[in-house]
Structures are given as structure tokens and as C-alpha cells.
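Inspection log for the structure reproduced underneath, given as C-alpha cells.
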Amino acid sequence: DGGITQSPKYLFRKEGQNVTLSCEQNLNHDAMYWYRQDPGQGLRLIYYSQIVNDFQKGDIAEGYSVSREKKESFPLTVTSAQKNPTAFYLCASSFGERTGELFFGEGSRLTVL
Amino acid sequence: AQSVTQLDSHVSVSEGTPVLLRCNYSSSYSPSLFWYVQHPNKGLQLLLKYTSAATLVKGINGFEAEFKKSETSFHLTKPSAHMSDAAEYFCVVIRGPGGYQKVTFGTGTKLQVIP
């Protein structure tokens, strides 16, 4: 079945540690996105990528980094510079600007201890 | 600029009664409008979408929404609530074609269904 796979589903880290969240899609989508979700704030865009080897900052990119070496993969690193990293992270993909519809993974919940 | 306002953060209905989740939008372009549903600790699933075809859009699980340009609204309705409808619902606006699509999410409406 085609879809988006995020891992791990739950992750705990100590303050000062970097952590990488995985996002893989087999939908042959060009565009991929990372969102952060906090209670009562909806979804906020961290980074997005429209093609391989290219990505742009979203609204809250500080303290995060990404790479897009393959079309299928868009990992997100939460660095120690992110002041409040505890959140639910969602990866999404789409065909690009034409269809609009976003397809979401199941999310990764990061807790900083 | 574009924005999305979900008018209620929480809605509570009894099982078997109608559901109304309200969404107003603002966009400088002809928008595409979506409703997504999210169950706890899950990703978002598309319920329905409006992309400038019929103004009354039917989605999955008996939901539908009507695009009203004059009122800049895209309210989500269902004639009869089921317990499995309890979830959070997001209204989403996506800017018109060309270039990177600007995606704007509402802040969500939590639907509680009372037995």
C-alpha cells in the first residue's frame, strides 16, 4: 500500500541532544513537508521541499534542519537549539502545486525530559 | 494574505443529532478548501475538498460541506453524529495554482459525541 511512514512514533530525549525523525513516502510525490502540532495552535510549517536537493524554511524553522537527498525521504533533525521541542511532528507530501491535497503520516511524538 | 478561522474550538453533540463545524476563510486568490480529521495521536485524514467545481461537496463518512463565496464560509456538516466521529477537525485553505502552494490550517475544532 502506498503511504507515508514516520518513525519512531514516540521518542524521548534529554535536553541538549539532537534527534532525527524519519519520513519516507512511496507515493511518488514531489513535495514533502514537516509540521509541528501543539495543543490549540493547529499545525505550523517547519520546512518544506518541492524537489530533491532543495528545501525552504517554513514559519518556525529555527532549531530544526532537514535534508532531501532522495525523493522518497525527508528526515527532520530537532537540534539542541530548539528551545521547546516537545511536540507532535507530522510529515506530509503532495504531488506539488497542482492538486493541493496533502497526505499525512501518523506522526511522531517527541518528549524532552 | 490568507487566513482560516474555525469559529468553535470545541463542539459537543449527542449521538444521532446533526453536526455543524464552522469555518470562515480569507484569501486573495481563488482558494482550494479542505476539511481534515485527526483522531488522537494519529495523522490527518482528508474528509473532503473543494476545488472550484460543485459548491456542495460530499466527503467520507457522511460528511459534507458547502462553499459559500459571499459568506467566505466552508462549514462542515453531518446529519447524524456517530460515536466514531469524535475527533479533531481542521479546515485548510490552499492558495490557487502557481508556485509553492501556501497552506493555511485552522486551529482545529474538537468534536465530542455524547452517547
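Just so we're on the same page: first chain in the C-alpha cells is A, next is B, and so on; residues restart at 1 for each chain, and ligands are numbered from 1 in the order they show up.
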Interface residues on chain B facing chain A, 10 Å, only C-alpha atoms, written as a count of residues only: 37
Residue neighbourhood Arg68 of chain A, 6 Å, only C-alpha atoms, exclusion window fewer than 2 positions, as a VMD selection string: chain A and resid 52 to 53 70 74
Write down as a PyMOL selection string the residues of chain A whose backbone DSSP state falls under strand (DSSP E or B). chain A and resi 4-7+10-13+19-25+31-37+43-51+54-57+64-66+70+73+76-78+87-94+103-104+108-112
Residues near Gln2 of chain B, anyone? I mean within 7 Å using only C-alpha atoms, not counting same-chain ones fewer than 4 positions away, as an NGL selection string. :B and (26-28)
Output N, CA, C and O atoms for every residue in the selection just made, as a PDB file, in the first residue's frame.
```pdb
ATOM      1  N   SER B  26     -10.221  33.613   4.460  1.00  0.00           N
ATOM      2  CA  SER B  26      -9.889  34.829   3.734  1.00  0.00           C
ATOM      3  C   SER B  26      -8.743  34.490   2.799  1.00  0.00           C
ATOM      4  O   SER B  26      -7.751  33.889   3.231  1.00  0.00           O
ATOM      5  N   SER B  27      -8.893  34.854   1.512  1.00  0.00           N
ATOM      6  CA  SER B  27      -7.839  34.548   0.562  1.00  0.00           C
ATOM      7  C   SER B  27      -7.871  35.550  -0.581  1.00  0.00           C
ATOM      8  O   SER B  27      -8.941  35.938  -1.042  1.00  0.00           O
ATOM      9  N   SER B  28      -6.691  35.947  -1.017  1.00  0.00           N
ATOM     10  CA  SER B  28      -6.584  36.875  -2.149  1.00  0.00           C
ATOM     11  C   SER B  28      -6.756  36.164  -3.479  1.00  0.00           C
ATOM     12  O   SER B  28      -6.918  36.797  -4.519  1.00  0.00           O
TER      13      SER B  28
END
```
Of B:Ser12, B:Asn24, B:Thr77, B:Thr5, the one sitting nearest Val57 of chain B when using only C-alpha atoms is B:Thr77
Report as a ChimeraX atom specification all protein, DNA and RNA residues lying within 9 Å of segment 10-20 of chain A, evaluated on only C-alpha atoms, omitting residues in the same chain fewer than 2 positions from it. /A:7-8,22,75-81,107-113
Output of the above residues as a PDB file, in the first residue's frame, restricted to N, CA and C atoms:
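Generated output (result.pdb):
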```pdb
ATOM      1  N   SER A   7       8.814   7.489  11.572  1.00  0.00           N
ATOM      2  CA  SER A   7       9.357   6.733  12.705  1.00  0.00           C
ATOM      3  C   SER A   7      10.382   7.587  13.440  1.00  0.00           C
ATOM      4  N   PRO A   8      10.547   7.356  14.746  1.00  0.00           N
ATOM      5  CA  PRO A   8       9.705   6.498  15.577  1.00  0.00           C
ATOM      6  C   PRO A   8       8.378   7.182  15.899  1.00  0.00           C
ATOM      7  N   SER A  22      12.308  10.301  11.110  1.00  0.00           N
ATOM      8  CA  SER A  22      12.314   9.783   9.750  1.00  0.00           C
ATOM      9  C   SER A  22      10.956   9.960   9.091  1.00  0.00           C
ATOM     10  N   PRO A  75      14.031  13.520   6.117  1.00  0.00           N
ATOM     11  CA  PRO A  75      14.239  13.461   7.572  1.00  0.00           C
ATOM     12  C   PRO A  75      14.348  14.842   8.200  1.00  0.00           C
ATOM     13  N   LEU A  76      13.868  14.928   9.428  1.00  0.00           N
ATOM     14  CA  LEU A  76      13.899  16.173  10.198  1.00  0.00           C
ATOM     15  C   LEU A  76      14.774  15.978  11.433  1.00  0.00           C
ATOM     16  N   THR A  77      15.736  16.865  11.626  1.00  0.00           N
ATOM     17  CA  THR A  77      16.554  16.839  12.829  1.00  0.00           C
ATOM     18  C   THR A  77      16.138  17.965  13.754  1.00  0.00           C
ATOM     19  N   VAL A  78      15.809  17.601  14.977  1.00  0.00           N
ATOM     20  CA  VAL A  78      15.492  18.580  16.010  1.00  0.00           C
ATOM     21  C   VAL A  78      16.784  18.801  16.795  1.00  0.00           C
ATOM     22  N   THR A  79      17.330  19.968  16.690  1.00  0.00           N
ATOM     23  CA  THR A  79      18.640  20.214  17.300  1.00  0.00           C
ATOM     24  C   THR A  79      18.486  20.741  18.726  1.00  0.00           C
ATOM     25  N   SER A  80      19.607  20.791  19.417  1.00  0.00           N
ATOM     26  CA  SER A  80      19.601  21.295  20.795  1.00  0.00           C
ATOM     27  C   SER A  80      19.287  22.784  20.846  1.00  0.00           C
ATOM     28  N   ALA A  81      19.319  23.443  19.696  1.00  0.00           N
ATOM     29  CA  ALA A  81      18.993  24.873  19.656  1.00  0.00           C
ATOM     30  C   ALA A  81      17.500  25.140  19.706  1.00  0.00           C
ATOM     31  N   GLY A 107       2.547  10.513  12.377  1.00  0.00           N
ATOM     32  CA  GLY A 107       3.107  11.426  13.361  1.00  0.00           C
ATOM     33  C   GLY A 107       4.138  10.790  14.277  1.00  0.00           C
ATOM     34  N   SER A 108       4.983  11.664  14.835  1.00  0.00           N
ATOM     35  CA  SER A 108       5.986  11.266  15.836  1.00  0.00           C
ATOM     36  C   SER A 108       5.859  12.196  17.026  1.00  0.00           C
ATOM     37  N   ARG A 109       5.727  11.602  18.209  1.00  0.00           N
ATOM     38  CA  ARG A 109       5.605  12.437  19.410  1.00  0.00           C
ATOM     39  C   ARG A 109       6.960  12.476  20.111  1.00  0.00           C
ATOM     40  N   LEU A 110       7.518  13.659  20.210  1.00  0.00           N
ATOM     41  CA  LEU A 110       8.815  13.860  20.845  1.00  0.00           C
ATOM     42  C   LEU A 110       8.606  14.491  22.208  1.00  0.00           C
ATOM     43  N   THR A 111       9.230  13.879  23.204  1.00  0.00           N
ATOM     44  CA  THR A 111       9.185  14.415  24.562  1.00  0.00           C
ATOM     45  C   THR A 111      10.610  14.637  25.052  1.00  0.00           C
ATOM     46  N   VAL A 112      10.869  15.847  25.501  1.00  0.00           N
ATOM     47  CA  VAL A 112      12.187  16.166  26.058  1.00  0.00           C
ATOM     48  C   VAL A 112      12.103  16.095  27.577  1.00  0.00           C
ATOM     49  N   LEU A 113      12.992  15.301  28.150  1.00  0.00           N
ATOM     50  CA  LEU A 113      12.954  15.061  29.592  1.00  0.00           C
ATOM     51  C   LEU A 113      13.849  16.051  30.335  1.00  0.00           C
TER      52      LEU A 113
END
```
Show me a table, sorted first by chain and then by increasing residue number, of the residues of segment 48-98 of chain B having an atom at most 7 Å from segment 14-19 of chain B, each with its shortest atom pair and the distance in Å to one decimal, counting only C-alpha atoms and written as CSV.
```
residue,atom,partner,partner_atom,distance
B:Thr77,CA,B:Val19,CA,5.3
B:Lys78,CA,B:Val19,CA,5.0
B:Pro79,CA,B:Pro18,CA,4.5
B:Ser80,CA,B:Gly16,CA,4.5
B:Ala81,CA,B:Gly16,CA,4.8
B:His82,CA,B:Glu15,CA,5.5
B:Met83,CA,B:Glu15,CA,6.4
```
Mind writing the picked residues with C-alpha atoms as a PDB file, in the first residue's frame?
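Okay, this is what ended up in part-v9.pdb:
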```pdb
ATOM      1  CA  THR B  77     -21.987  19.196   8.410  1.00  0.00           C
ATOM      2  CA  LYS B  78     -23.280  15.708   9.056  1.00  0.00           C
ATOM      3  CA  PRO B  79     -26.940  14.817   9.542  1.00  0.00           C
ATOM      4  CA  SER B  80     -26.410  12.322  12.357  1.00  0.00           C
ATOM      5  CA  ALA B  81     -23.371  12.059  14.620  1.00  0.00           C
ATOM      6  CA  HIS B  82     -21.800   8.727  15.418  1.00  0.00           C
ATOM      7  CA  MET B  83     -19.530   7.946  18.350  1.00  0.00           C
TER       8      MET B  83
END
```
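Taking atom CA of His29 of chain A and atom CA of Ser94 of chain A as the two end points, the separation is 5.4 Å.
Restricting the calculation to only C-alpha atoms, the smallest distance between Leu20 of chain B and any of B:Phe67, B:Gln112, B:Leu76, B:Asn61 is found for B:Leu76.
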Pairwise distance for atom CA of Glu24 of chain A and atom CA of Gly2 of chain A, rounded to one decimal in Å: 10.6 Å
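As for atom CA of Gln56 of chain A and atom CA of Val37 of chain B, they are spaced 26.8 Å apart.
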